[in-house]
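Here is the structure we will look at, set down as structure tokens.
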Amino acid sequence: MKLSSINKQHLLFSIVLGIAGLLINCYPIQFFANVQFVLGNTVTVIAAVLLGPWYAFLTAMFASTGLMINWDSPHVYLFFGLEALFLGYARRLDIYALYADAAYWLIIGAPLVYLYVTFIMEIPSSHLGFIIAKQGVNGLVYTSLASLLILAIPKLWFFKDKVKDRHRRMLSAQLTYFFTLMVTLTLLFSALIFNYYFLERQQAMLKQNINDAVSHLATSAQNYLSSHKTVIDNAAKQLTIVANDRSQWQKMLTNLHESYPGFISMLIADPSADIINASPVSRLINIDNEQNINIKDRDYFIESFYNHRLFVSSVFLGRGFGNDAIIAMSAPFYTDLQHTTTAGIVEGSLDLSHFSHIDQNNEYTEDESVVMVDEQNQIIYSSEKLGLTALSVFDFTVNDGVYRTSLELLNIEHPDSIVPEYIYAHKTLDNGWTVYILKEFSPLLKLAEEQMFSSFLMLLISLLCTFYISRKLSALLTVPLEVVANQFSTSATGGTKVPSIDENSPKEVFNLYQRLAASKQQLIDNQVELEETVAKRTEELESANRKLKELVDRDSLTGLFNRRYAEGKFNEMLDFCMRSEQALTVVVLDLDLFKEVNDNYGHLAGDECLRIFSQLLQKYFKRDIDIVARYGGEEFLLILPLSNALHIKHHLNSFREAVSEQKFTSPEDKREFSVTVSIGAITANAEYANDLDKWIKVADDNLYQAKQDGRNRTMIDIITE
């Protein structure tokens, strides 16, 4: 079954619209979080209004492919395909697109989105309202834009053979719809702009607050560590002073520990790494009640005793000497003030629970949490509600997916989810530890949802008021027109029905036109007949002129411009390049040993070779401003305005290589053969010369040189002065 010419036009138009929608949807406009405006769907609405449901469905499939490329989610074909069919059938029922699309998302779209998100996507239920709302808003935006485009572009408004109204619309209904459409777009964009800047401000404030919080917490932690490092350092110095009086070590250690309860325990080890003093003293007794616990394998002993430095360990689990997760701080002390001999080390096991006090004493909101890790990314401390285990690796993924926000986002529980779990800020301490402040992302999303709902509730109220007022206003305009129409019909002698002036004209205006048009029908018929005759004669004359011009300007064999045309257009191209201060290239091409083609394969093969060569020229030099001409025989001329001196030789060589790879076939005996081409060219500023012959002279000399160098060469002079 063959398609009619109208169906072919509609099919082609719907495909063109679909491709345009596909390209636009490849670049959706980001708003906030995962809200993206898919303006490419505007073409689907246009197709539904002009062509009907199935052409709109075809357009929607193309346009949705752009979203599929972006989102990798096949649901777009279902949602927007059904929307296209719904709008198309609503158009056949004379329902305006904006009303129909609002009904679609309320009745069909919202339940579909709910089912899809609930059963297929791994998205928290708290995000459902926001996701459904953004889909409906999206639909209102691109449907309003499509309706305005149809009104604003005459070729769409008067589209030939578009879907016709089943009943002529009332002017009051048209005015009501137009007012509603304008108010919808105005309020939509106002609400979106307001919400955009509101959310940007909220994000900026949130970012500032979380950065201040992490700086404060990092400073507290840094001070806590620094003060206790100082304590260990001072303890080592005091022990150096009394190094020869061991009887004072335990007392000194006990007093020091009482003064700094931030240490879970403190100890002194001798050069053999045996613990000889501890606070509390009970720590000296292990499970088997044995004395002389040895710590020679501990990093804090090795680093301090052998490397003679104050050492702060990574977090580790105490063994033997306590079983807590601790950070060891140790320093060596000496037998004399000159530090010649190491007498032992003093060590303190820092209480990590202190960080929980820092966390609890800071005024964070309920949805904020703290994580502190050491330089090996082991968790030193984390807020209880996070459920993270101390000494485990802090495993998270930075969320940089489809959610647009100026904040830094990460996921912990669901690292592969596209939905962010936390906003975060972090700061690294001097010793390599890092402090993180995490704030749940969902409250910000909830705020955005509430803001959008409140804005669009106001929009709905405004639209209802607009609908009511516009109906009253349109009644004031249309009732007088109907009265005038009735008055004219009373005085009329009777009229015959005439064709509609416009399928979209209001019913009242149509009635007036019908009653007034009867007396003028004969004049209109004569005028139409005369215009048709003039148009026919004009079209015939223009067609004859086009054919004559083509015969004058074109080479009959190759279809290229001839030499006369190229020479005539040269000055025009030269002026064009002078105005734009651009370079011009003149190229002379000659087929190598072309006479042998005619001698070996016949003149028909030579003609076929010239035709295919001309097609290659048109393929490689296809700009509207390029002049490609047959200069004579197997010689061709190119005039290329706006040339790029850096790329022209490469382009000419690409063409030359394409010619050498092209296979030609003799029409008579089907034998294949190849040819090559030699190229001479000049590229210079337009001021180089006003006479084409001077340009051709340089190009011809280069062509001669290419022939002399063995043919199948490109010789070009690039003159920059």
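Here, A, B, ... name the chains of the structure tokens in the order displayed, residue numbers run from 1 inside each chain, and ligands are numbered from 1 in the same displayed order.
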Q: Would you list the contacts of A:Asn25 as a list in words, taking every protein, DNA or RNA residue within 8 Å and counting only C-alpha atoms, but skipping same-chain residues closer than 2 positions in sequence?
A: Gly21, Leu22, Leu23, Tyr27, Pro28, Val38, Leu39, Gly40, Asn41, Ala63, Ser64, Gly66 and Leu67 of chain A
Q | Near-A:Ala90 list (10 Å; only C-alpha atoms; drop same-chain fewer than 4 positions) as a count of residues only | A | 15
Tell me which protein, DNA and RNA residues are within 8 Å of A:Leu199, counting only C-alpha atoms, leaving out same-chain ones fewer than 3 positions away, and put them as a PDB file with N, CA and C atoms, in the first residue's frame.
ATOM      1  N   PHE A  32      17.605  22.009  39.612  1.00  0.00           N
ATOM      2  CA  PHE A  32      18.103  21.695  40.950  1.00  0.00           C
ATOM      3  C   PHE A  32      17.903  20.209  41.190  1.00  0.00           C
ATOM      4  N   ASN A 195      12.211  30.078  42.760  1.00  0.00           N
ATOM      5  CA  ASN A 195      12.669  28.868  43.449  1.00  0.00           C
ATOM      6  C   ASN A 195      14.148  28.620  43.221  1.00  0.00           C
ATOM      7  N   TYR A 196      14.609  28.918  41.999  1.00  0.00           N
ATOM      8  CA  TYR A 196      16.027  28.708  41.687  1.00  0.00           C
ATOM      9  C   TYR A 196      16.904  29.557  42.601  1.00  0.00           C
ATOM     10  N   GLN A 202      19.754  29.040  49.812  1.00  0.00           N
ATOM     11  CA  GLN A 202      19.755  28.021  50.862  1.00  0.00           C
ATOM     12  C   GLN A 202      21.029  27.182  50.811  1.00  0.00           C
ATOM     13  N   GLN A 203      21.433  26.827  49.600  1.00  0.00           N
ATOM     14  CA  GLN A 203      22.653  26.030  49.458  1.00  0.00           C
ATOM     15  C   GLN A 203      23.877  26.807  49.927  1.00  0.00           C
ATOM     16  N   ALA A 448      12.943  21.929  48.927  1.00  0.00           N
ATOM     17  CA  ALA A 448      12.693  22.251  47.520  1.00  0.00           C
ATOM     18  C   ALA A 448      11.308  21.784  47.102  1.00  0.00           C
TER      19      ALA A 448
END
(Q) Can you pull out every residue from stretch 567-710 of chain A that DSSP, working from the backbone, puts in strand (DSSP E or B), and format the result as a VMD selection string? (A) chain A and resid 583 to 591 627 to 632 635 to 643 664 to 665 672 to 673 677 to 685
(Q) I'd like the contact shell of A:Asn294 - 9 Å cut-off, only C-alpha atoms, skipping same-chain residues fewer than 2 positions apart - returned as an NGL selection string. (A) :A and (269 or 272-275 or 292 or 296-297)
(Q) Residues near A:Phe613, anyone? I mean within 9 Å using only C-alpha atoms, not counting same-chain ones fewer than 6 positions away, as JSON, numbers by chain. (A) {"A": [558, 659, 662]}
(Q) Which residues are close to stretch 432-442 of chain A, i.e. within 8 Å by only C-alpha atoms, leaving aside same-chain residues fewer than 6 positions away? Reply as a ChimeraX atom specification. (A) /A:126-127,210,213-214,217-218,367-375,377,420-426
Got time to write the residues from that selection, N, CA and C atoms, as an mmCIF file, in the first residue's frame?
data_model
loop_
_atom_site.group_PDB
_atom_site.id
_atom_site.type_symbol
_atom_site.label_atom_id
_atom_site.label_comp_id
_atom_site.auth_asym_id
_atom_site.auth_seq_id
_atom_site.Cartn_x
_atom_site.Cartn_y
_atom_site.Cartn_z
ATOM 1 N N SER A 126 10.761 9.204 50.257
ATOM 2 C CA SER A 126 10.680 10.633 50.568
ATOM 3 C C SER A 126 10.897 11.503 49.342
ATOM 4 N N HIS A 127 11.484 10.931 48.285
ATOM 5 C CA HIS A 127 11.742 11.687 47.062
ATOM 6 C C HIS A 127 10.576 11.623 46.087
ATOM 7 N N ILE A 210 28.045 24.491 57.223
ATOM 8 C CA ILE A 210 28.728 23.210 57.377
ATOM 9 C C ILE A 210 30.251 23.403 57.341
ATOM 10 N N ALA A 213 31.166 24.705 60.719
ATOM 11 C CA ALA A 213 31.111 23.625 61.708
ATOM 12 C C ALA A 213 32.338 22.731 61.627
ATOM 13 N N VAL A 214 32.745 22.374 60.406
ATOM 14 C CA VAL A 214 33.897 21.482 60.283
ATOM 15 C C VAL A 214 35.185 22.201 60.697
ATOM 16 N N LEU A 217 35.132 22.168 64.536
ATOM 17 C CA LEU A 217 35.421 20.842 65.054
ATOM 18 C C LEU A 217 36.881 20.467 64.823
ATOM 19 N N ALA A 218 37.404 20.813 63.657
ATOM 20 C CA ALA A 218 38.802 20.500 63.359
ATOM 21 C C ALA A 218 39.741 21.257 64.297
ATOM 22 N N ASP A 367 20.158 16.547 61.915
ATOM 23 C CA ASP A 367 20.485 15.783 60.710
ATOM 24 C C ASP A 367 21.958 15.901 60.333
ATOM 25 N N GLU A 368 22.815 16.369 61.285
ATOM 26 C CA GLU A 368 24.250 16.449 61.035
ATOM 27 C C GLU A 368 24.974 15.376 61.839
ATOM 28 N N SER A 369 26.061 14.874 61.254
ATOM 29 C CA SER A 369 26.867 13.847 61.914
ATOM 30 C C SER A 369 28.339 14.181 61.722
ATOM 31 N N VAL A 370 29.175 13.509 62.542
ATOM 32 C CA VAL A 370 30.625 13.748 62.512
ATOM 33 C C VAL A 370 31.344 12.437 62.258
ATOM 34 N N VAL A 371 32.360 12.490 61.427
ATOM 35 C CA VAL A 371 33.262 11.356 61.224
ATOM 36 C C VAL A 371 34.683 11.897 61.275
ATOM 37 N N MET A 372 35.546 11.203 62.033
ATOM 38 C CA MET A 372 36.958 11.573 62.078
ATOM 39 C C MET A 372 37.787 10.349 61.723
ATOM 40 N N VAL A 373 38.706 10.526 60.779
ATOM 41 C CA VAL A 373 39.552 9.414 60.343
ATOM 42 C C VAL A 373 41.010 9.811 60.468
ATOM 43 N N ASP A 374 41.872 8.770 60.600
ATOM 44 C CA ASP A 374 43.296 9.058 60.677
ATOM 45 C C ASP A 374 43.897 9.101 59.285
ATOM 46 N N GLU A 375 45.223 9.197 59.228
ATOM 47 C CA GLU A 375 45.885 9.341 57.929
ATOM 48 C C GLU A 375 45.767 8.095 57.065
ATOM 49 N N ASN A 377 42.885 6.533 56.792
ATOM 50 C CA ASN A 377 41.439 6.511 56.529
ATOM 51 C C ASN A 377 40.702 5.541 57.447
ATOM 52 N N PRO A 420 21.804 11.199 46.302
ATOM 53 C CA PRO A 420 22.782 11.540 47.342
ATOM 54 C C PRO A 420 22.193 11.315 48.732
ATOM 55 N N GLU A 421 23.059 10.886 49.648
ATOM 56 C CA GLU A 421 22.622 10.667 51.027
ATOM 57 C C GLU A 421 23.021 11.826 51.936
ATOM 58 N N TYR A 422 24.229 12.345 51.723
ATOM 59 C CA TYR A 422 24.717 13.375 52.635
ATOM 60 C C TYR A 422 25.387 14.514 51.872
ATOM 61 N N ILE A 423 25.216 15.703 52.411
ATOM 62 C CA ILE A 423 26.064 16.842 52.068
ATOM 63 C C ILE A 423 27.245 16.791 53.031
ATOM 64 N N TYR A 424 28.423 17.117 52.550
ATOM 65 C CA TYR A 424 29.552 17.006 53.467
ATOM 66 C C TYR A 424 30.563 18.131 53.260
ATOM 67 N N ALA A 425 31.314 18.367 54.302
ATOM 68 C CA ALA A 425 32.485 19.233 54.246
ATOM 69 C C ALA A 425 33.571 18.548 55.063
ATOM 70 N N HIS A 426 34.805 18.767 54.727
ATOM 71 C CA HIS A 426 35.884 18.099 55.455
ATOM 72 C C HIS A 426 37.085 19.028 55.579
#
Q: Give the answer as one residue: which of A:Ala133, A:Ile193, A:Ile150, A:Ala331 has the shortest atom-to-atom distance to A:Ala236, using only C-alpha atoms?
A: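 Using only C-alpha atoms, the shortest distance to A:Ala236 belongs to A:Ala331.
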